[in-house]
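S.K.: For reference, this is structure03.cif, and it has mmCIF, C-alpha atoms and all ligand atoms.
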data_entry
#
loop_
_atom_site.label_atom_id
_atom_site.label_comp_id
_atom_site.auth_asym_id
_atom_site.auth_seq_id
_atom_site.Cartn_x
_atom_site.Cartn_y
_atom_site.Cartn_z
CA MET F 1 192.03 -42.08 6.47
CA LYS F 2 194.19 -39.06 5.80
CA PHE F 3 193.06 -35.65 4.65
CA SER F 4 195.23 -33.51 2.39
CA ALA F 5 196.66 -30.18 3.58
CA PHE F 6 193.69 -28.56 1.81
CA GLY F 7 191.36 -31.04 3.55
CA GLU F 8 192.82 -30.33 6.96
CA ARG F 9 192.65 -26.63 6.38
CA PHE F 10 189.04 -26.60 5.29
CA THR F 11 187.68 -29.09 7.83
CA ARG F 12 189.02 -27.46 10.97
CA SER F 13 186.85 -25.65 13.43
CA THR F 14 186.24 -22.00 12.57
CA GLY F 15 184.25 -19.11 13.95
CA ALA F 16 181.86 -19.31 11.00
CA LEU F 17 181.32 -23.04 11.63
CA GLN F 18 180.59 -22.40 15.31
CA LEU F 19 178.19 -19.61 14.42
CA MET F 20 176.30 -21.63 11.81
CA ASP F 21 176.17 -24.69 14.11
CA ASP F 22 174.79 -22.54 16.92
CA LEU F 23 172.14 -21.30 14.49
CA GLY F 24 171.22 -24.83 13.39
CA ALA F 25 171.11 -26.13 16.98
CA ALA F 26 168.91 -23.21 18.05
CA LEU F 27 166.49 -23.95 15.21
CA ASP F 28 166.33 -27.60 16.25
CA SER F 29 166.30 -27.15 20.00
CA GLU F 30 163.39 -28.24 22.20
CA GLU F 31 164.54 -25.77 24.85
CA PRO F 32 163.94 -22.08 24.16
CA VAL F 33 167.14 -20.40 22.99
CA LEU F 34 167.57 -16.64 22.94
CA MET F 35 169.29 -16.45 19.58
CA LEU F 36 171.19 -13.19 19.43
CA GLY F 37 174.10 -14.82 17.68
CA GLY F 38 173.35 -15.44 14.03
CA GLY F 39 173.37 -13.28 10.95
CA ASN F 40 169.87 -14.39 10.06
CA PRO F 41 167.68 -11.52 8.86
CA ALA F 42 164.38 -10.78 10.58
CA ARG F 43 161.15 -12.40 9.45
CA ILE F 44 159.13 -9.35 8.49
CA PRO F 45 155.54 -10.28 7.53
CA GLN F 46 155.16 -7.57 4.88
CA VAL F 47 158.42 -8.61 3.24
CA GLU F 48 157.51 -12.28 3.35
CA GLN F 49 154.14 -11.48 1.74
CA PHE F 50 155.99 -9.65 -1.04
CA PHE F 51 158.27 -12.65 -1.61
CA ARG F 52 155.29 -15.00 -1.60
CA GLU F 53 153.47 -12.99 -4.27
CA GLU F 54 156.54 -12.77 -6.48
CA LEU F 55 157.13 -16.52 -6.19
CA GLU F 56 153.50 -17.38 -6.86
CA SER F 57 153.59 -15.45 -10.11
CA VAL F 58 156.74 -17.32 -11.17
CA VAL F 59 155.34 -20.72 -10.28
CA ALA F 60 152.11 -19.96 -12.16
CA ASP F 61 154.06 -19.34 -15.37
CA ASP F 62 155.39 -22.44 -17.07
CA ARG F 63 158.29 -20.72 -18.81
CA GLU F 64 159.36 -18.91 -15.68
CA LEU F 65 159.23 -22.09 -13.64
CA GLY F 66 161.38 -23.78 -16.27
CA ARG F 67 163.86 -20.96 -15.97
CA LEU F 68 163.82 -21.15 -12.17
CA ALA F 69 164.37 -24.87 -11.78
CA PHE F 70 164.52 -26.97 -14.93
CA ASN F 71 167.64 -25.54 -16.58
CA TYR F 72 171.23 -24.80 -15.67
CA SER F 73 172.11 -21.12 -15.80
CA PRO F 74 175.24 -19.89 -17.61
CA SER F 75 178.43 -19.73 -15.54
CA GLY F 76 178.03 -16.05 -14.65
CA GLY F 77 174.42 -16.61 -13.58
CA ASP F 78 171.02 -15.91 -15.16
CA ARG F 79 171.65 -13.30 -17.87
CA ARG F 80 168.25 -11.64 -17.77
CA PHE F 81 168.66 -10.89 -14.06
CA ARG F 82 172.16 -9.56 -14.65
CA ARG F 83 170.86 -7.29 -17.45
CA GLU F 84 168.10 -5.98 -15.21
CA LEU F 85 170.51 -5.35 -12.36
CA ALA F 86 172.90 -3.56 -14.71
CA SER F 87 170.20 -1.22 -16.01
CA MET F 88 168.97 -0.60 -12.46
CA PHE F 89 172.49 0.39 -11.33
CA LYS F 90 172.94 2.49 -14.44
CA ASN F 91 169.67 4.37 -13.97
CA ARG F 92 169.99 4.80 -10.23
CA PHE F 93 173.70 5.50 -9.84
CA GLY F 94 174.87 6.29 -13.38
CA TRP F 95 177.42 3.47 -13.46
CA PRO F 96 178.53 2.64 -17.01
CA ILE F 97 177.95 -1.10 -16.73
CA THR F 98 176.32 -3.96 -18.61
CA ALA F 99 175.47 -7.58 -17.75
CA ASP F 100 179.13 -8.38 -18.45
CA ASN F 101 180.07 -6.40 -15.35
CA ILE F 102 177.94 -8.64 -13.14
CA ALA F 103 178.49 -12.21 -11.98
CA LEU F 104 176.19 -14.11 -9.66
CA THR F 105 177.54 -16.44 -6.99
CA SER F 106 176.21 -18.98 -4.51
CA GLY F 107 175.72 -16.40 -1.78
CA SER F 108 178.22 -13.63 -1.34
CA GLN F 109 180.25 -15.73 1.12
CA ASN F 110 181.20 -17.79 -1.91
CA ALA F 111 182.14 -14.64 -3.84
CA PHE F 112 184.59 -13.73 -1.08
CA PHE F 113 186.20 -17.16 -1.23
CA MET F 114 186.79 -16.66 -4.95
CA LEU F 115 187.79 -13.00 -4.84
CA PHE F 116 190.22 -13.26 -1.94
CA ASN F 117 191.95 -16.27 -3.46
CA LEU F 118 191.97 -14.56 -6.85
CA PHE F 119 193.96 -11.60 -5.50
CA GLY F 120 195.75 -13.09 -2.51
CA GLY F 121 197.95 -16.09 -1.79
CA GLN F 122 200.71 -17.52 -3.92
CA MET F 123 201.25 -15.58 -7.16
CA ALA F 124 202.39 -17.11 -10.45
CA ASP F 125 205.91 -15.68 -9.90
CA GLY F 126 206.22 -17.39 -6.51
CA SER F 127 205.67 -14.24 -4.44
CA ARG F 128 202.83 -14.06 -1.94
CA ARG F 129 200.11 -11.46 -1.64
CA GLN F 130 197.70 -10.66 1.14
CA ILE F 131 194.28 -9.08 1.39
CA LEU F 132 194.41 -5.90 3.45
CA LEU F 133 191.45 -5.21 5.75
CA PRO F 134 191.93 -1.50 6.51
CA LEU F 135 189.70 -1.62 9.55
CA ALA F 136 189.42 -4.55 11.95
CA PRO F 137 186.98 -5.64 13.47
CA GLU F 138 185.72 -7.06 10.21
CA TYR F 139 183.31 -9.79 9.07
CA ILE F 140 183.84 -13.24 10.63
CA GLY F 141 183.17 -15.02 7.33
CA TYR F 142 186.43 -13.78 5.76
CA ASN F 143 188.53 -15.44 8.42
CA ASP F 144 189.21 -18.89 7.04
CA VAL F 145 188.64 -18.66 3.31
CA GLY F 146 192.33 -18.63 2.29
CA ILE F 147 193.52 -21.67 0.39
CA GLY F 148 196.92 -20.85 1.89
CA GLU F 149 197.70 -19.60 5.38
CA LYS F 150 197.91 -15.93 6.38
CA LEU F 151 195.76 -14.57 3.60
CA PHE F 152 194.83 -11.45 5.56
CA THR F 153 196.52 -8.54 7.15
CA ALA F 154 194.53 -5.91 8.98
CA ASN F 155 194.84 -2.53 10.65
CA ARG F 156 193.57 -1.38 13.97
CA PRO F 157 190.98 1.37 13.82
CA ARG F 158 191.07 4.83 15.28
CA ILE F 159 188.51 4.87 18.09
CA GLU F 160 186.43 7.91 18.87
CA LEU F 161 184.43 7.89 22.11
CA LEU F 162 181.05 9.59 21.73
CA ASP F 163 178.38 10.69 24.17
CA ASP F 164 175.91 8.30 25.80
CA ASN F 165 178.28 5.31 25.96
CA LEU F 166 178.63 5.24 22.18
CA PHE F 167 181.84 5.02 20.18
CA LYS F 168 182.84 4.79 16.54
CA TYR F 169 185.70 3.20 14.62
CA PHE F 170 187.40 5.06 11.79
CA VAL F 171 189.98 3.82 9.30
CA ASP F 172 193.36 4.93 10.62
CA LEU F 173 194.42 6.35 7.27
CA ASP F 174 197.64 7.85 8.69
CA ASN F 175 198.91 4.39 9.51
CA LEU F 176 197.62 2.50 6.50
CA GLU F 177 200.31 1.27 4.16
CA VAL F 178 199.90 -0.66 0.94
CA GLY F 179 203.09 -2.43 -0.07
CA PRO F 180 203.80 -4.76 -2.99
CA GLU F 181 202.64 -7.70 -0.86
CA ILE F 182 199.04 -6.44 -0.91
CA GLY F 183 196.74 -7.92 -3.58
CA ALA F 184 193.45 -6.18 -2.71
CA LEU F 185 191.76 -4.07 -0.04
CA CYS F 186 188.42 -5.07 1.43
CA VAL F 187 185.87 -3.43 3.71
CA SER F 188 182.32 -4.35 4.63
CA ARG F 189 180.01 -1.34 4.58
CA PRO F 190 177.81 -1.38 6.66
CA THR F 191 180.22 -3.44 8.70
CA ASN F 192 179.36 -6.73 10.26
CA PRO F 193 179.91 -6.96 13.31
CA THR F 194 179.90 -3.31 14.38
CA GLY F 195 177.14 -1.61 12.39
CA ASN F 196 179.73 0.97 11.33
CA VAL F 197 179.24 2.73 8.00
CA LEU F 198 182.48 4.00 6.54
CA THR F 199 182.12 7.61 5.46
CA ASP F 200 182.29 8.63 1.79
CA GLU F 201 185.64 10.30 2.58
CA GLU F 202 187.02 7.03 3.96
CA ILE F 203 185.82 5.10 0.90
CA ASP F 204 187.28 7.74 -1.46
CA ALA F 205 190.63 7.59 0.33
CA LEU F 206 190.68 3.78 0.17
CA SER F 207 189.64 3.84 -3.46
CA ASP F 208 192.51 6.24 -4.30
CA LEU F 209 194.96 4.16 -2.33
CA ALA F 210 193.87 1.01 -4.14
CA ARG F 211 194.06 2.64 -7.58
CA ARG F 212 197.50 4.12 -6.90
CA ASN F 213 198.73 0.66 -6.01
CA ASP F 214 196.99 -1.02 -8.93
CA VAL F 215 194.94 -3.34 -6.73
CA PRO F 216 191.15 -3.54 -6.42
CA LEU F 217 189.04 -2.21 -3.57
CA ILE F 218 186.46 -4.84 -2.62
CA VAL F 219 183.40 -3.39 -0.92
CA ASP F 220 181.09 -5.85 0.82
CA ASN F 221 177.70 -4.24 0.46
CA ALA F 222 175.62 -7.13 1.89
CA TYR F 223 173.56 -4.68 3.99
CA GLY F 224 173.98 -1.60 1.82
CA ALA F 225 172.15 0.35 -0.88
CA PRO F 226 170.16 0.01 -3.02
CA PHE F 227 168.95 -3.23 -1.41
CA PRO F 228 168.44 -4.25 1.37
CA ASN F 229 169.48 -0.71 2.32
CA ILE F 230 169.83 -1.41 6.03
CA ILE F 231 171.80 1.74 6.42
CA ASP F 232 171.04 4.71 8.57
CA ARG F 233 173.44 7.22 7.07
CA LYS F 234 173.35 9.34 3.95
CA VAL F 235 176.24 7.88 2.00
CA THR F 236 177.03 7.20 -1.64
CA THR F 237 177.32 3.72 -3.09
CA ALA F 238 180.22 4.20 -5.46
CA TRP F 239 181.61 1.98 -8.18
CA ASN F 240 184.39 2.29 -10.72
CA GLU F 241 186.43 -0.18 -12.80
CA ASN F 242 188.77 -0.67 -9.86
CA THR F 243 186.00 -1.38 -7.36
CA VAL F 244 184.51 -4.81 -6.76
CA LEU F 245 181.11 -4.29 -5.19
CA CYS F 246 179.50 -7.37 -3.63
CA LEU F 247 175.79 -7.53 -2.90
CA SER F 248 173.51 -10.29 -1.68
CA LEU F 249 169.84 -11.21 -1.63
CA SER F 250 170.26 -12.75 1.83
CA LYS F 251 169.66 -9.79 4.10
CA LEU F 252 166.45 -8.92 2.27
CA GLY F 253 165.07 -11.94 4.09
CA ILE F 254 165.93 -14.91 1.86
CA PRO F 255 169.34 -16.20 3.01
CA ALA F 256 168.47 -19.78 2.08
CA VAL F 257 168.24 -18.85 -1.60
CA ARG F 258 172.03 -18.24 -1.68
CA THR F 259 172.44 -15.50 -4.26
CA GLY F 260 175.43 -13.19 -4.29
CA ILE F 261 176.02 -10.43 -6.83
CA VAL F 262 179.47 -9.19 -7.87
CA VAL F 263 179.75 -5.91 -9.79
CA ALA F 264 183.25 -5.56 -11.22
CA SER F 265 185.36 -5.06 -14.34
CA GLU F 266 184.66 -7.46 -17.19
CA GLU F 267 187.97 -9.19 -16.53
CA ILE F 268 187.09 -9.97 -12.92
CA VAL F 269 183.54 -11.00 -13.85
CA ALA F 270 184.93 -13.41 -16.46
CA GLY F 271 187.24 -14.83 -13.78
CA ILE F 272 184.39 -15.36 -11.32
CA SER F 273 182.27 -16.99 -14.04
CA ALA F 274 185.09 -19.40 -14.88
CA MET F 275 185.50 -20.32 -11.21
CA ASN F 276 181.73 -20.76 -10.88
CA ALA F 277 181.82 -23.32 -13.70
CA THR F 278 184.55 -25.32 -11.97
CA LEU F 279 183.16 -25.08 -8.46
CA HIS F 280 179.42 -25.36 -9.15
CA LEU F 281 178.85 -25.79 -12.92
CA ALA F 282 176.13 -23.18 -12.51
CA VAL F 283 174.82 -20.96 -9.76
CA SER F 284 171.21 -21.20 -8.65
CA SER F 285 168.56 -19.46 -10.73
CA VAL F 286 166.02 -19.47 -7.93
CA GLY F 287 166.81 -15.99 -6.58
CA PRO F 288 167.38 -14.42 -10.03
CA VAL F 289 164.08 -15.69 -11.46
CA TRP F 290 162.15 -15.10 -8.26
CA LEU F 291 163.14 -11.44 -8.09
CA HIS F 292 163.75 -10.35 -11.66
CA ARG F 293 160.37 -8.63 -11.95
CA ALA F 294 160.86 -6.81 -8.67
CA VAL F 295 164.23 -5.51 -9.83
CA ARG F 296 162.76 -4.32 -13.12
CA SER F 297 159.74 -2.65 -11.54
CA GLY F 298 161.68 -1.07 -8.69
CA ARG F 299 159.58 -2.92 -6.09
CA LEU F 300 162.66 -4.47 -4.55
CA ILE F 301 164.12 -1.07 -3.85
CA ASP F 302 160.77 0.29 -2.70
CA ILE F 303 160.29 -2.45 -0.14
CA SER F 304 163.87 -2.01 1.04
CA ASN F 305 163.28 1.69 1.63
CA SER F 306 159.75 1.61 2.94
CA VAL F 307 159.78 -1.55 5.07
CA ILE F 308 163.18 -3.17 5.62
CA ARG F 309 165.21 -0.10 6.46
CA PRO F 310 162.70 1.41 8.92
CA TYR F 311 162.18 -2.00 10.50
CA TYR F 312 165.85 -2.33 11.42
CA ARG F 313 166.16 1.31 12.39
CA ASP F 314 163.40 0.73 14.95
CA SER F 315 164.85 -2.55 16.16
CA ALA F 316 168.29 -0.95 16.61
CA GLU F 317 166.81 1.91 18.62
CA ARG F 318 164.80 -0.46 20.78
CA ALA F 319 167.78 -2.70 21.45
CA LEU F 320 169.98 0.28 22.28
CA GLY F 321 167.32 1.45 24.73
CA TRP F 322 167.37 -1.92 26.49
CA VAL F 323 171.16 -1.92 26.63
CA ARG F 324 171.03 1.50 28.33
CA GLU F 325 168.40 0.26 30.75
CA TYR F 326 169.98 -3.06 31.73
CA PHE F 327 173.63 -2.02 31.70
CA GLN F 328 173.24 0.99 33.97
CA GLY F 329 176.20 1.20 36.30
CA VAL F 330 178.37 -1.03 34.08
CA ASP F 331 181.38 0.37 32.21
CA TYR F 332 180.36 -0.41 28.64
CA HIS F 333 180.43 1.12 25.18
CA VAL F 334 178.28 0.39 22.13
CA HIS F 335 179.41 1.10 18.59
CA ARG F 336 177.02 3.68 17.15
CA PRO F 337 174.54 1.63 15.12
CA GLU F 338 174.67 3.07 11.61
CA GLY F 339 173.62 0.04 9.58
CA ALA F 340 173.21 -3.76 9.44
CA PHE F 341 171.40 -5.36 12.40
CA PHE F 342 173.96 -5.84 15.14
CA LEU F 343 175.03 -4.12 18.31
CA TRP F 344 178.73 -4.33 19.07
CA LEU F 345 179.28 -4.10 22.80
CA TRP F 346 182.66 -3.27 24.29
CA PHE F 347 183.45 -3.95 27.95
CA PRO F 348 186.79 -2.30 28.79
CA ASP F 349 189.00 -4.36 31.13
CA LEU F 350 186.48 -7.19 31.27
CA PRO F 351 188.03 -9.68 33.74
CA ILE F 352 187.07 -12.66 31.53
CA SER F 353 187.60 -13.10 27.79
CA SER F 354 184.71 -12.48 25.42
CA ASN F 355 184.84 -16.17 24.53
CA GLU F 356 184.39 -17.13 28.19
CA LEU F 357 181.46 -14.73 28.30
CA TYR F 358 180.03 -16.42 25.18
CA GLU F 359 180.36 -19.83 26.90
CA ARG F 360 178.73 -18.64 30.11
CA LEU F 361 175.86 -17.06 28.17
CA LYS F 362 175.38 -20.23 26.17
CA GLN F 363 174.91 -22.12 29.44
CA LYS F 364 172.16 -19.63 30.25
CA GLY F 365 170.45 -20.17 26.89
CA VAL F 366 171.61 -16.94 25.24
CA LEU F 367 173.66 -17.10 22.07
CA VAL F 368 175.92 -14.20 21.08
CA VAL F 369 179.14 -14.14 19.05
CA SER F 370 182.43 -13.55 20.81
CA GLY F 371 184.22 -10.53 19.40
CA HIS F 372 187.58 -12.27 19.04
CA HIS F 373 186.37 -13.94 15.83
CA PHE F 374 186.11 -10.59 14.08
CA PHE F 375 189.76 -9.68 13.73
CA PRO F 376 190.92 -11.63 10.67
CA GLY F 377 194.51 -10.72 9.86
CA LEU F 378 195.09 -8.71 13.06
CA ASP F 379 197.51 -11.06 14.76
CA GLU F 380 199.01 -8.60 17.23
CA GLU F 381 198.00 -8.73 20.87
CA TRP F 382 195.34 -6.20 21.65
CA GLN F 383 193.16 -6.47 24.74
CA HIS F 384 190.25 -4.87 22.85
CA LYS F 385 189.93 -8.08 20.75
CA LEU F 386 188.88 -9.94 23.92
CA GLU F 387 186.50 -7.30 25.27
CA CYS F 388 183.69 -7.21 22.72
CA ILE F 389 180.66 -9.24 21.75
CA ARG F 390 178.24 -8.98 18.85
CA ILE F 391 174.52 -9.31 19.36
CA SER F 392 171.89 -9.36 16.66
CA HIS F 393 168.69 -7.38 17.11
CA ALA F 394 166.92 -9.07 14.20
CA GLN F 395 164.94 -11.45 16.42
CA LYS F 396 161.54 -10.75 17.93
CA PRO F 397 161.64 -7.85 20.43
CA ASP F 398 160.89 -10.05 23.47
CA ILE F 399 163.80 -12.32 22.67
CA VAL F 400 166.18 -9.40 22.17
CA ARG F 401 165.08 -7.73 25.40
CA GLU F 402 165.30 -10.91 27.46
CA GLY F 403 168.68 -11.75 25.91
CA ILE F 404 170.09 -8.31 26.70
CA ALA F 405 168.88 -8.63 30.30
CA VAL F 406 170.70 -11.97 30.70
CA ILE F 407 173.87 -10.58 29.10
CA ALA F 408 173.83 -7.58 31.44
CA GLN F 409 173.47 -9.86 34.46
CA GLU F 410 176.36 -12.05 33.32
CA VAL F 411 178.59 -9.06 32.59
CA ARG F 412 177.86 -7.60 36.01
CA GLU F 413 178.90 -10.89 37.60
CA ALA F 414 182.09 -10.97 35.54
CA TYR F 415 182.98 -7.46 36.74
CA GLY F 416 182.01 -8.44 40.29
CA LEU F 417 179.30 -5.78 40.47
C1 LIG P 1 179.16 -8.50 5.87
C2 LIG P 1 178.69 -9.78 5.29
N1 LIG P 1 179.15 -10.16 4.11
C3 LIG P 1 178.76 -11.30 3.54
C4 LIG P 1 177.87 -12.14 4.16
C5 LIG P 1 177.52 -13.42 3.48
O1 LIG P 1 176.19 -13.46 3.12
P1 LIG P 1 175.60 -14.42 2.02
O2 LIG P 1 176.63 -15.46 1.72
O3 LIG P 1 174.38 -14.99 2.63
O4 LIG P 1 175.33 -13.57 0.82
C6 LIG P 1 177.35 -11.80 5.40
C7 LIG P 1 176.44 -12.71 6.12
O5 LIG P 1 176.23 -12.63 7.30
C8 LIG P 1 177.78 -10.58 5.99
O6 LIG P 1 177.32 -10.20 7.19
#
Could you render the structure from this file as structure tokens?
Ligand SMILES: Cc1ncc(COP(=O)(O)O)c(C=O)c1O
M.R.:
Amino acid sequence: MKFSAFGERFTRSTGALQLMDDLGAALDSEEPVLMLGGGNPARIPQVEQFFREELESVVADDRELGRLAFNYSPSGGDRRFRRELASMFKNRFGWPITADNIALTSGSQNAFFMLFNLFGGQMADGSRRQILLPLAPEYIGYNDVGIGEKLFTANRPRIELLDDNLFKYFVDLDNLEVGPEIGALCVSRPTNPTGNVLTDEEIDALSDLARRNDVPLIVDNAYGAPFPNIIDRKVTTAWNENTVLCLSLSKLGIPAVRTGIVVASEEIVAGISAMNATLHLAVSSVGPVWLHRAVRSGRLIDISNSVIRPYYRDSAERALGWVREYFQGVDYHVHRPEGAFFLWLWFPDLPISSNELYERLKQKGVLVVSGHHFFPGLDEEWQHKLECIRISHAQKPDIVREGIAVIAQEVREAYGL
């Protein structure tokens, strides 16, 4: 049996595959696994109760149930949900948008596959374009989505060391160039894996740069405002015709529902809808019907602000406290947690690679993600790429604490301390 070039490309081992397989194996394992590796959101009882109530009211209503499961949705996704989202964005942020500026996708991962291949790769005139990631490290899931090779190019960040073993990445705007070979810019904000939140000034500068070069700025808002709002900084969620803002229902607590939301110009939305029809016929209506009332009533935003955001703020603080406790005497830095639910740990001059550290930790029953996966498009050698790991603090506190203790022990051994 022979696979095509496409087949070989999309069946090879990737960081995302490793991460999702680790997640699946941990779920299935008889042995206890300290799962600090996945991007799974926390199971928050109050949030789950809210989801249960919303779903019960849908299931109790024959027409709603029909809409949820017994019909295909249109190619852009359930129109009522898109209308409600549009009016919510309009009321909350003043964006001049309608349902035609919104397309739904099968999770936002799927939106990135479509968007990146829409703007990058081989162009109709034979030239090639790339997606520029202005600040690497960047989200692991972008890594392998290109139909062709070398879809991404990325820039190193400017690093600022802060007090208390913290540091922060900034976009190195002085060294950021957008040439004719760039088809779009993309940033995740808050950033997975680092928990960084790009400042409004950084976003404005990137937005200007994109507009001047007539390419879109894609902002991955999977953790951002207005939902799930896992963001610990006062920043603006901006949109204009040249911005493609991607949201998701996953990090609210329902990743299995697979609903992504793309807010963009009508032209881009029409493009996504057309690709949806080819790739999936229709996207799932489960998330859109399940949550349409909560979008209309504002309950989705309320629960994001009153429960989800404080929950992760507390879990980040707790995890940071344990890092400080267990890593005393080790030369380490942590990216300042400003959003999402990860800690990004940096061990300067670590004598082993972060991947070796991942392997050793796996042997000890602790799953993390090696930092080297998070540099899509940054091909140059840079020791920093091999010195970081990502840990999630979305699991139960005992698991996070125990996991951090094991990691600290392993890192000490690697340094010979
Ligand atoms: C930054 C970021 N973007 C996108 C996604 C994809 O999420 P989903 O496909 O579940 O919407 C994730 C998931 O971990 C993420 O962390």
S.K.: Fewer than 6 positions away in the same chain doesn't count, so skip those; otherwise give me all residues within 12 Å of Gln363 (chain F), counting all atoms listed in the file, as a CSV table (one decimal) with C-alpha atoms, in the coordinates of the input.
M.R.:
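Heads up, here's the output in result-v2.csv:
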chain,number,residue,atom,x,y,z
F,31,GLU,CA,164.5,-25.8,24.8
F,33,VAL,CA,167.1,-20.4,23.0
F,34,LEU,CA,167.6,-16.6,22.9
F,356,GLU,CA,184.4,-17.1,28.2
F,357,LEU,CA,181.5,-14.7,28.3
F,406,VAL,CA,170.7,-12.0,30.7
F,407,ILE,CA,173.9,-10.6,29.1
F,410,GLU,CA,176.4,-12.0,33.3
S.K.: Per residue of chain F within 9 Å of ligand LIG 1 (chain P), what are the shortest atom pair and its distance in Å to one decimal, counting all atoms listed in the file, with rows by chain and residue number, as JSON lines?
M.R.:
{"residue": "F:Gly38", "atom": "CA", "partner": "P:LIG1", "partner_atom": "O5", "distance": 7.8}
{"residue": "F:Gly39", "atom": "CA", "partner": "P:LIG1", "partner_atom": "O5", "distance": 4.7}
{"residue": "F:Asn40", "atom": "CA", "partner": "P:LIG1", "partner_atom": "O5", "distance": 7.2}
{"residue": "F:Pro41", "atom": "CA", "partner": "P:LIG1", "partner_atom": "O5", "distance": 8.8}
{"residue": "F:Thr105", "atom": "CA", "partner": "P:LIG1", "partner_atom": "O4", "distance": 8.6}
{"residue": "F:Ser106", "atom": "CA", "partner": "P:LIG1", "partner_atom": "O2", "distance": 7.2}
{"residue": "F:Gly107", "atom": "CA", "partner": "P:LIG1", "partner_atom": "O2", "distance": 3.7}
{"residue": "F:Ser108", "atom": "CA", "partner": "P:LIG1", "partner_atom": "O4", "distance": 3.6}
{"residue": "F:Gln109", "atom": "CA", "partner": "P:LIG1", "partner_atom": "O2", "distance": 3.7}
{"residue": "F:Asn110", "atom": "CA", "partner": "P:LIG1", "partner_atom": "O2", "distance": 6.3}
{"residue": "F:Ala111", "atom": "CA", "partner": "P:LIG1", "partner_atom": "O2", "distance": 7.9}
{"residue": "F:Phe112", "atom": "CA", "partner": "P:LIG1", "partner_atom": "C3", "distance": 7.8}
{"residue": "F:Glu138", "atom": "CA", "partner": "P:LIG1", "partner_atom": "C1", "distance": 8.0}
{"residue": "F:Tyr139", "atom": "CA", "partner": "P:LIG1", "partner_atom": "C1", "distance": 5.4}
{"residue": "F:Ile140", "atom": "CA", "partner": "P:LIG1", "partner_atom": "O6", "distance": 8.0}
{"residue": "F:Gly141", "atom": "CA", "partner": "P:LIG1", "partner_atom": "C4", "distance": 6.8}
{"residue": "F:Tyr142", "atom": "CA", "partner": "P:LIG1", "partner_atom": "N1", "distance": 8.3}
{"residue": "F:Val187", "atom": "CA", "partner": "P:LIG1", "partner_atom": "C1", "distance": 8.7}
{"residue": "F:Ser188", "atom": "CA", "partner": "P:LIG1", "partner_atom": "C1", "distance": 5.4}
{"residue": "F:Arg189", "atom": "CA", "partner": "P:LIG1", "partner_atom": "C1", "distance": 7.3}
{"residue": "F:Pro190", "atom": "CA", "partner": "P:LIG1", "partner_atom": "C1", "distance": 7.3}
{"residue": "F:Thr191", "atom": "CA", "partner": "P:LIG1", "partner_atom": "C1", "distance": 5.9}
{"residue": "F:Asn192", "atom": "CA", "partner": "P:LIG1", "partner_atom": "C1", "distance": 4.7}
{"residue": "F:Pro193", "atom": "CA", "partner": "P:LIG1", "partner_atom": "O6", "distance": 7.4}
{"residue": "F:Asp220", "atom": "CA", "partner": "P:LIG1", "partner_atom": "N1", "distance": 5.8}
{"residue": "F:Asn221", "atom": "CA", "partner": "P:LIG1", "partner_atom": "C1", "distance": 7.0}
{"residue": "F:Ala222", "atom": "CA", "partner": "P:LIG1", "partner_atom": "N1", "distance": 5.2}
{"residue": "F:Tyr223", "atom": "CA", "partner": "P:LIG1", "partner_atom": "C1", "distance": 7.0}
{"residue": "F:Cys246", "atom": "CA", "partner": "P:LIG1", "partner_atom": "C3", "distance": 8.2}
{"residue": "F:Leu247", "atom": "CA", "partner": "P:LIG1", "partner_atom": "O4", "distance": 7.1}
{"residue": "F:Ser248", "atom": "CA", "partner": "P:LIG1", "partner_atom": "O4", "distance": 4.5}
{"residue": "F:Leu249", "atom": "CA", "partner": "P:LIG1", "partner_atom": "O4", "distance": 6.5}
{"residue": "F:Ser250", "atom": "CA", "partner": "P:LIG1", "partner_atom": "O3", "distance": 4.8}
{"residue": "F:Lys251", "atom": "CA", "partner": "P:LIG1", "partner_atom": "O3", "distance": 7.2}
{"residue": "F:Ile254", "atom": "CA", "partner": "P:LIG1", "partner_atom": "O3", "distance": 8.5}
{"residue": "F:Pro255", "atom": "CA", "partner": "P:LIG1", "partner_atom": "O3", "distance": 5.2}
{"residue": "F:Ala256", "atom": "CA", "partner": "P:LIG1", "partner_atom": "O3", "distance": 7.6}
{"residue": "F:Val257", "atom": "CA", "partner": "P:LIG1", "partner_atom": "O3", "distance": 8.4}
{"residue": "F:Arg258", "atom": "CA", "partner": "P:LIG1", "partner_atom": "O3", "distance": 5.9}
{"residue": "F:Thr259", "atom": "CA", "partner": "P:LIG1", "partner_atom": "O4", "distance": 6.2}
{"residue": "F:Gly260", "atom": "CA", "partner": "P:LIG1", "partner_atom": "O4", "distance": 5.1}
{"residue": "F:Ile261", "atom": "CA", "partner": "P:LIG1", "partner_atom": "O4", "distance": 8.3}
{"residue": "F:Ala340", "atom": "CA", "partner": "P:LIG1", "partner_atom": "O6", "distance": 8.0}
S.K.: Which of these, F:Ala16, F:Ala316, F:Ala99, F:Val283, has the shortest distance to Ala394 (chain F) once you count all atoms listed in the file?
M.R.: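 For Ala394 (chain F), the nearest of the given residues is F:Ala316.
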S.K.: Around all listed atoms of region 224-231 of chain F, padded 3 Å per side, what centre and edge lengths does the axis-aligned box have in Å to one decimal, as lines of an AutoDock Vina configuration file?
M.R.:
center_x = 171.2
center_y = -1.3
center_z = 1.7
size_x = 11.5
size_y = 12.0
size_z = 15.4
S.K.: So the first atom is CA of Pro397 (chain F) and the second is CA of Gln49 (chain F); what is the distance between them in Å, to one decimal place?
M.R.: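 Straight-line distance from CA of Pro397 (chain F) to CA of Gln49 (chain F) works out to 20.5 Å.
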S.K.: Which is closer to Arg233 (chain F) than all the others in F:Leu198, F:Ala205, F:Ala264, F:Leu173, using all atoms listed in the file?
M.R.: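 Closest to Arg233 (chain F), using all atoms listed in the file: F:Leu198.
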